[in-house]
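What follows is the content of coords-v1.cif, which has mmCIF, C-alpha atoms:
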data_protein
#
loop_
_atom_site.label_atom_id
_atom_site.label_comp_id
_atom_site.auth_asym_id
_atom_site.auth_seq_id
_atom_site.Cartn_x
_atom_site.Cartn_y
_atom_site.Cartn_z
CA MET A 5 97.62 126.48 66.98
CA MET A 6 99.05 125.74 70.44
CA SER A 7 96.07 123.54 71.31
CA ALA A 8 96.68 121.35 68.26
CA PHE A 9 100.35 121.10 69.20
CA ILE A 10 99.56 119.98 72.76
CA LYS A 11 96.85 117.60 71.56
CA LYS A 12 99.28 115.99 69.11
CA PHE A 13 101.77 115.04 71.84
CA LYS A 14 99.36 114.53 74.75
CA SER A 15 99.49 110.72 74.66
CA ASP A 16 103.29 110.78 74.36
CA VAL A 17 103.65 113.05 77.39
CA LYS A 18 101.23 110.86 79.38
CA ALA A 19 103.11 107.73 78.35
CA ILE A 20 106.45 109.21 79.44
CA GLY A 21 104.86 110.34 82.72
CA PHE A 22 103.41 106.89 83.51
CA LEU A 23 106.64 105.17 82.48
CA SER A 24 108.67 107.51 84.69
CA LEU A 25 106.32 107.01 87.63
CA GLY A 26 106.45 103.23 87.13
CA LEU A 27 110.26 103.28 87.05
CA PHE A 28 110.41 105.52 90.13
CA VAL A 29 108.09 103.27 92.14
CA ALA A 30 109.88 100.11 90.93
CA LEU A 31 113.29 101.49 91.90
CA ALA A 32 111.97 102.65 95.27
CA LEU A 33 110.51 99.20 95.95
CA VAL A 34 113.50 97.20 94.73
CA SER A 35 115.91 99.25 96.84
CA TYR A 36 113.74 99.28 99.96
CA ASN A 37 115.79 98.97 103.12
CA PRO A 38 114.05 98.78 106.51
CA LYS A 39 116.96 100.72 108.04
CA ASP A 40 116.23 103.77 105.85
CA PRO A 41 114.24 106.61 107.38
CA SER A 42 110.51 105.98 107.00
CA PHE A 43 107.22 106.08 108.88
CA ASN A 44 108.35 103.37 111.29
CA SER A 45 112.11 103.95 111.37
CA ILE A 46 114.28 106.97 112.05
CA GLY A 47 117.10 105.42 110.04
CA HIS A 48 120.50 107.05 110.22
CA GLY A 49 119.62 110.72 109.91
CA PHE A 50 118.53 111.58 106.40
CA LYS A 51 120.95 109.16 104.75
CA THR A 52 119.14 106.54 102.73
CA MET A 53 120.19 103.60 100.65
CA ASN A 54 117.02 103.81 98.56
CA TYR A 55 117.72 104.59 94.90
CA CYS A 56 114.98 107.24 94.99
CA GLY A 57 116.23 108.98 98.10
CA LEU A 58 114.20 110.00 101.10
CA LEU A 59 110.95 110.17 99.12
CA GLY A 60 111.59 106.67 97.78
CA SER A 61 112.28 105.24 101.24
CA PHE A 62 109.04 106.69 102.64
CA LEU A 63 107.05 105.64 99.55
CA ALA A 64 108.39 102.06 99.56
CA ASP A 65 107.78 101.69 103.29
CA LEU A 66 104.22 103.01 103.04
CA VAL A 67 103.33 100.84 100.04
CA TYR A 68 104.92 97.68 101.44
CA GLN A 69 103.30 98.25 104.86
CA LEU A 70 99.90 98.80 103.26
CA ILE A 71 99.67 96.23 100.44
CA GLY A 72 102.86 94.16 100.75
CA LEU A 73 104.35 92.44 97.74
CA SER A 74 101.20 93.12 95.72
CA ALA A 75 102.72 96.57 95.24
CA TRP A 76 104.47 95.12 92.20
CA LEU A 77 101.06 94.79 90.52
CA ALA A 78 100.72 98.56 90.76
CA VAL A 79 104.08 98.90 89.02
CA ALA A 80 102.89 96.51 86.28
CA GLY A 81 99.73 98.58 85.98
CA LEU A 82 101.73 101.80 85.53
CA PHE A 83 103.85 100.17 82.82
CA GLN A 84 100.73 98.87 81.08
CA VAL A 85 99.10 102.32 81.12
CA SER A 86 102.32 103.74 79.69
CA ILE A 87 102.28 101.22 76.83
CA LEU A 88 98.59 101.88 76.15
CA SER A 89 99.25 105.60 76.09
CA PHE A 90 102.14 105.15 73.64
CA LYS A 91 99.68 103.28 71.43
CA GLY A 92 97.23 106.18 71.67
CA ALA A 93 94.62 104.33 73.75
CA PRO A 94 92.61 106.40 76.24
CA THR A 95 94.18 106.43 79.72
CA GLU A 96 91.80 108.52 81.79
CA LEU A 97 91.82 107.96 85.54
CA LYS A 98 88.10 107.24 85.45
CA ASN A 99 88.92 104.08 83.52
CA MET A 100 87.51 100.97 85.22
CA ARG A 101 90.87 99.22 84.86
CA ILE A 102 92.11 101.15 87.91
CA VAL A 103 89.25 99.80 89.99
CA TRP A 104 89.92 96.26 88.75
CA LEU A 105 93.62 96.57 89.55
CA ALA A 106 92.80 97.81 93.06
CA ILE A 107 90.47 94.83 93.59
CA LEU A 108 93.15 92.47 92.24
CA ILE A 109 95.75 93.93 94.62
CA CYS A 110 93.35 93.55 97.55
CA GLY A 111 92.50 89.97 96.57
CA LEU A 112 96.10 88.87 96.17
CA SER A 113 97.11 90.63 99.39
CA ALA A 114 94.37 88.74 101.24
CA LEU A 115 95.42 85.42 99.67
CA THR A 116 99.01 86.08 100.69
CA ALA A 117 97.84 86.68 104.26
CA ILE A 118 95.88 83.42 104.26
CA TYR A 119 98.84 81.36 103.04
CA TRP A 120 101.58 83.12 105.03
CA PRO A 121 99.86 84.78 108.01
CA HIS A 122 102.89 84.89 110.31
CA THR A 123 105.65 85.43 107.76
CA LYS A 124 107.54 88.70 107.78
CA ILE A 125 110.07 89.93 105.24
CA PHE A 126 112.65 92.71 105.10
CA GLU A 127 114.35 91.90 108.41
CA ASN A 128 111.06 90.87 110.02
CA GLN A 129 109.53 94.32 109.42
CA ILE A 130 106.87 93.79 106.74
CA TYR A 131 104.07 91.28 106.21
CA PRO A 132 104.19 90.07 102.57
CA SER A 133 100.43 90.69 102.43
CA GLY A 134 100.61 94.15 103.92
CA LEU A 135 98.27 95.30 106.64
CA LEU A 136 95.40 95.55 104.16
CA GLY A 137 95.76 91.88 103.22
CA LEU A 138 95.89 90.84 106.88
CA GLY A 139 92.70 92.75 107.64
CA LEU A 140 90.82 91.49 104.59
CA ALA A 141 91.91 87.89 105.14
CA SER A 142 90.94 88.00 108.80
CA GLY A 143 87.47 89.31 108.01
CA LEU A 144 86.86 86.91 105.13
CA VAL A 145 88.06 83.86 107.08
CA LYS A 146 85.68 84.78 109.93
CA ILE A 147 82.75 84.96 107.50
CA LEU A 148 83.63 82.18 105.03
CA ASN A 149 86.21 80.04 106.84
CA GLU A 150 89.63 79.54 105.27
CA ILE A 151 88.62 77.33 102.31
CA GLY A 152 85.62 79.48 101.37
CA ALA A 153 87.72 82.64 101.52
CA GLN A 154 90.35 81.07 99.27
CA ILE A 155 87.78 79.99 96.68
CA ILE A 156 86.20 83.44 96.56
CA LEU A 157 89.56 85.25 96.47
CA TRP A 158 91.03 83.01 93.73
CA ALA A 159 87.89 83.41 91.61
CA LEU A 160 87.83 87.18 92.14
CA SER A 161 91.55 87.53 91.42
CA SER A 162 91.28 85.45 88.24
CA VAL A 163 88.43 87.59 86.91
CA MET A 164 90.34 90.77 87.79
CA VAL A 165 93.45 89.55 85.91
CA VAL A 166 91.26 89.00 82.83
CA PHE A 167 89.72 92.48 83.16
CA CYS A 168 92.90 94.36 84.10
CA PHE A 169 95.22 92.93 81.52
CA GLU A 170 92.58 92.15 78.89
CA ILE A 171 93.79 88.60 78.47
CA SER A 172 91.49 85.60 78.30
CA LEU A 173 91.99 82.45 80.35
CA ARG A 174 92.66 80.59 77.14
CA GLU A 175 95.49 83.03 76.31
CA MET A 176 96.92 82.69 79.82
CA VAL A 177 97.00 78.90 79.64
#
Take the structure I supplied and represent it as structure tokens, if you would.
Amino acid sequence: MMSAFIKKFKSDVKAIGFLSLGLFVALALVSYNPKDPSFNSIGHGFKTMNYCGLLGSFLADLVYQLIGLSAWLAVAGLFQVSILSFKGAPTELKNMRIVWLAILICGLSALTAIYWPHTKIFENQIYPSGLLGLGLASGLVKILNEIGAQIILWALSSVMVVFCFEISLREMV
């Protein structure tokens, strides 16, 4: 009896969980302040301006430092998984969509690093590409030169958008 009860509401609980996580991450990112305590700042004690408190300030700093502005794709991914779960679609972590989203984030971070290699945001603290994008771009440019790296990254990112969001190029245009 209890198993049937849990099974009936499993997708709803997952959807609420993913939606909540997406909102938490989005609020942490949108309220990021480089003066808050984080991995690279002591801030002003434990006072933070981040909407999600101390955890939010550390999370936003870590995510922005690692993948830069591409972090917002992860938020979009969490919202999409929430919607799919509300619809009753399977949302297991072994789903390939997670891999595609990770590849998309890496590709867009690398492209950002190629186009704006010396730009810093948030009071000159964060590269918009994140450190991952800088590293990937540097390696790809050494192997393929700048134009070759851009062609490969744009093609890869376009395919990943199609796979991640299940939208054809025709629908996008």
Applied to this file, what does the PyMOL selection byres ((chain A and resi 29) around 10) return in terms of residues, put as a PDB file with C-alpha atoms, keeping the file's coordinate frame?
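Now in result.pdb:
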ATOM      1  CA  LEU A  23     106.640 105.170  82.480  1.00  0.00           C
ATOM      2  CA  SER A  24     108.670 107.510  84.690  1.00  0.00           C
ATOM      3  CA  LEU A  25     106.320 107.010  87.630  1.00  0.00           C
ATOM      4  CA  GLY A  26     106.450 103.230  87.130  1.00  0.00           C
ATOM      5  CA  LEU A  27     110.260 103.280  87.050  1.00  0.00           C
ATOM      6  CA  PHE A  28     110.410 105.520  90.130  1.00  0.00           C
ATOM      7  CA  ALA A  30     109.880 100.110  90.930  1.00  0.00           C
ATOM      8  CA  LEU A  31     113.290 101.490  91.900  1.00  0.00           C
ATOM      9  CA  ALA A  32     111.970 102.650  95.270  1.00  0.00           C
ATOM     10  CA  LEU A  33     110.510  99.200  95.950  1.00  0.00           C
ATOM     11  CA  VAL A  34     113.500  97.200  94.730  1.00  0.00           C
ATOM     12  CA  SER A  35     115.910  99.250  96.840  1.00  0.00           C
ATOM     13  CA  CYS A  56     114.980 107.240  94.990  1.00  0.00           C
ATOM     14  CA  GLY A  60     111.590 106.670  97.780  1.00  0.00           C
ATOM     15  CA  LEU A  63     107.050 105.640  99.550  1.00  0.00           C
ATOM     16  CA  ALA A  64     108.390 102.060  99.560  1.00  0.00           C
ATOM     17  CA  VAL A  67     103.330 100.840 100.040  1.00  0.00           C
ATOM     18  CA  ALA A  75     102.720  96.570  95.240  1.00  0.00           C
ATOM     19  CA  TRP A  76     104.470  95.120  92.200  1.00  0.00           C
ATOM     20  CA  ALA A  78     100.720  98.560  90.760  1.00  0.00           C
ATOM     21  CA  VAL A  79     104.080  98.900  89.020  1.00  0.00           C
ATOM     22  CA  LEU A  82     101.730 101.800  85.530  1.00  0.00           C
TER      23      LEU A  82
END
**Message:** I'd like the neighbourhood of A:Ile125 as a ChimeraX atom specification, where a residue qualifies if any of its atoms comes within 12 Å (using only C-alpha atoms), though same-chain residues fewer than 4 positions away should be ignored.
**Reply:** /A:36-38,68-69,72-73,120-121,129-134
**Request:** Just the residues within 7 Å of A:Leu115, please, counting all atoms listed in the file, with nothing from its chain fewer than 2 positions along; format it as a ChimeraX atom specification.
**Result:** /A:111-113,117-119,141,154,157
**Length of the atom CA of A:Phe62 to atom CA of A:Asn128 vector [Å]** =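 Atom-to-atom, atom CA of A:Phe62 to atom CA of A:Asn128, that is 17.6 Å.
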**Request:** Using atom CA of A:Val85 and atom CA of A:Ile107 as the two end points, give the distance in Å to one decimal.
**Result:**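 Those two atoms sit 16.9 Å apart.
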**Asked** If you measure from atom CA of A:Phe167 to atom CA of A:Val103, what distance in Å do you get, rounded to one decimal?
**Response**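 Pair atom CA of A:Phe167 / atom CA of A:Val103 returns 10.0 Å.
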Exercise: residues within 12 Å of coordinate (93.4, 106.4, 75.7), counting only C-alpha atoms, as a CSV table (one decimal) with C-alpha atoms, in the frame of the given file:
chain,number,residue,atom,x,y,z
A,14,LYS,CA,99.4,114.5,74.8
A,15,SER,CA,99.5,110.7,74.7
A,16,ASP,CA,103.3,110.8,74.4
A,18,LYS,CA,101.2,110.9,79.4
A,19,ALA,CA,103.1,107.7,78.4
A,84,GLN,CA,100.7,98.9,81.1
A,85,VAL,CA,99.1,102.3,81.1
A,86,SER,CA,102.3,103.7,79.7
A,87,ILE,CA,102.3,101.2,76.8
A,88,LEU,CA,98.6,101.9,76.2
A,89,SER,CA,99.2,105.6,76.1
A,90,PHE,CA,102.1,105.2,73.6
A,91,LYS,CA,99.7,103.3,71.4
A,92,GLY,CA,97.2,106.2,71.7
A,93,ALA,CA,94.6,104.3,73.8
A,94,PRO,CA,92.6,106.4,76.2
A,95,THR,CA,94.2,106.4,79.7
A,96,GLU,CA,91.8,108.5,81.8
A,97,LEU,CA,91.8,108.0,85.5
A,98,LYS,CA,88.1,107.2,85.4
A,99,ASN,CA,88.9,104.1,83.5
A,101,ARG,CA,90.9,99.2,84.9
**Prompt:** If you count only C-alpha atoms, which residues fall within 12 Å of A:Val166, apart from same-chain ones fewer than 5 positions away, as a PyMOL selection string?
**Reply:** chain A and resi 101+104-105+108+159-161+171-176
**Asked** Using all atoms listed in the file, which of A:Ile109, A:Ile147, A:Leu138, A:Leu59 sits nearest A:Lys124?
**Response**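 Of the candidates, the smallest distance to A:Lys124 is held by A:Leu138.
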Could you give me the axis-aligned bounding box of stretch 36-48 of chain A, with 8 Å of padding per side, as centre plus edge lengths in Å to one decimal, as AutoDock Vina command-line options?
--center_x 113.9 --center_y 102.9 --center_z 106.0 --size_x 29.3 --size_y 24.3 --size_z 28.1
**Request:** Name the residues captured by the PyMOL selection byres ((chain A and resi 51) around 12) when it is applied to the shown file; answer as a PyMOL selection string.
**Result:** chain A and resi 37+39-42+46-50+52-61
Can I get the selected residues back with C-alpha atoms, as a tab-separated table (two decimals), in the frame of the given file?
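Final output, result39.tsv:
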chain	number	residue	atom	x	y	z
A	37	ASN	CA	115.79	98.97	103.12
A	39	LYS	CA	116.96	100.72	108.04
A	40	ASP	CA	116.23	103.77	105.85
A	41	PRO	CA	114.24	106.61	107.38
A	42	SER	CA	110.51	105.98	107.00
A	46	ILE	CA	114.28	106.97	112.05
A	47	GLY	CA	117.10	105.42	110.04
A	48	HIS	CA	120.50	107.05	110.22
A	49	GLY	CA	119.62	110.72	109.91
A	50	PHE	CA	118.53	111.58	106.40
A	52	THR	CA	119.14	106.54	102.73
A	53	MET	CA	120.19	103.60	100.65
A	54	ASN	CA	117.02	103.81	98.56
A	55	TYR	CA	117.72	104.59	94.90
A	56	CYS	CA	114.98	107.24	94.99
A	57	GLY	CA	116.23	108.98	98.10
A	58	LEU	CA	114.20	110.00	101.10
A	59	LEU	CA	110.95	110.17	99.12
A	60	GLY	CA	111.59	106.67	97.78
A	61	SER	CA	112.28	105.24	101.24
**Nearest to A:Leu135, chosen from A:Leu70, A:Ala106, A:Asp65, A:Leu77, with only C-alpha atoms counted in the distances** =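 That would be A:Leu70, the residue with the smallest distance to A:Leu135.
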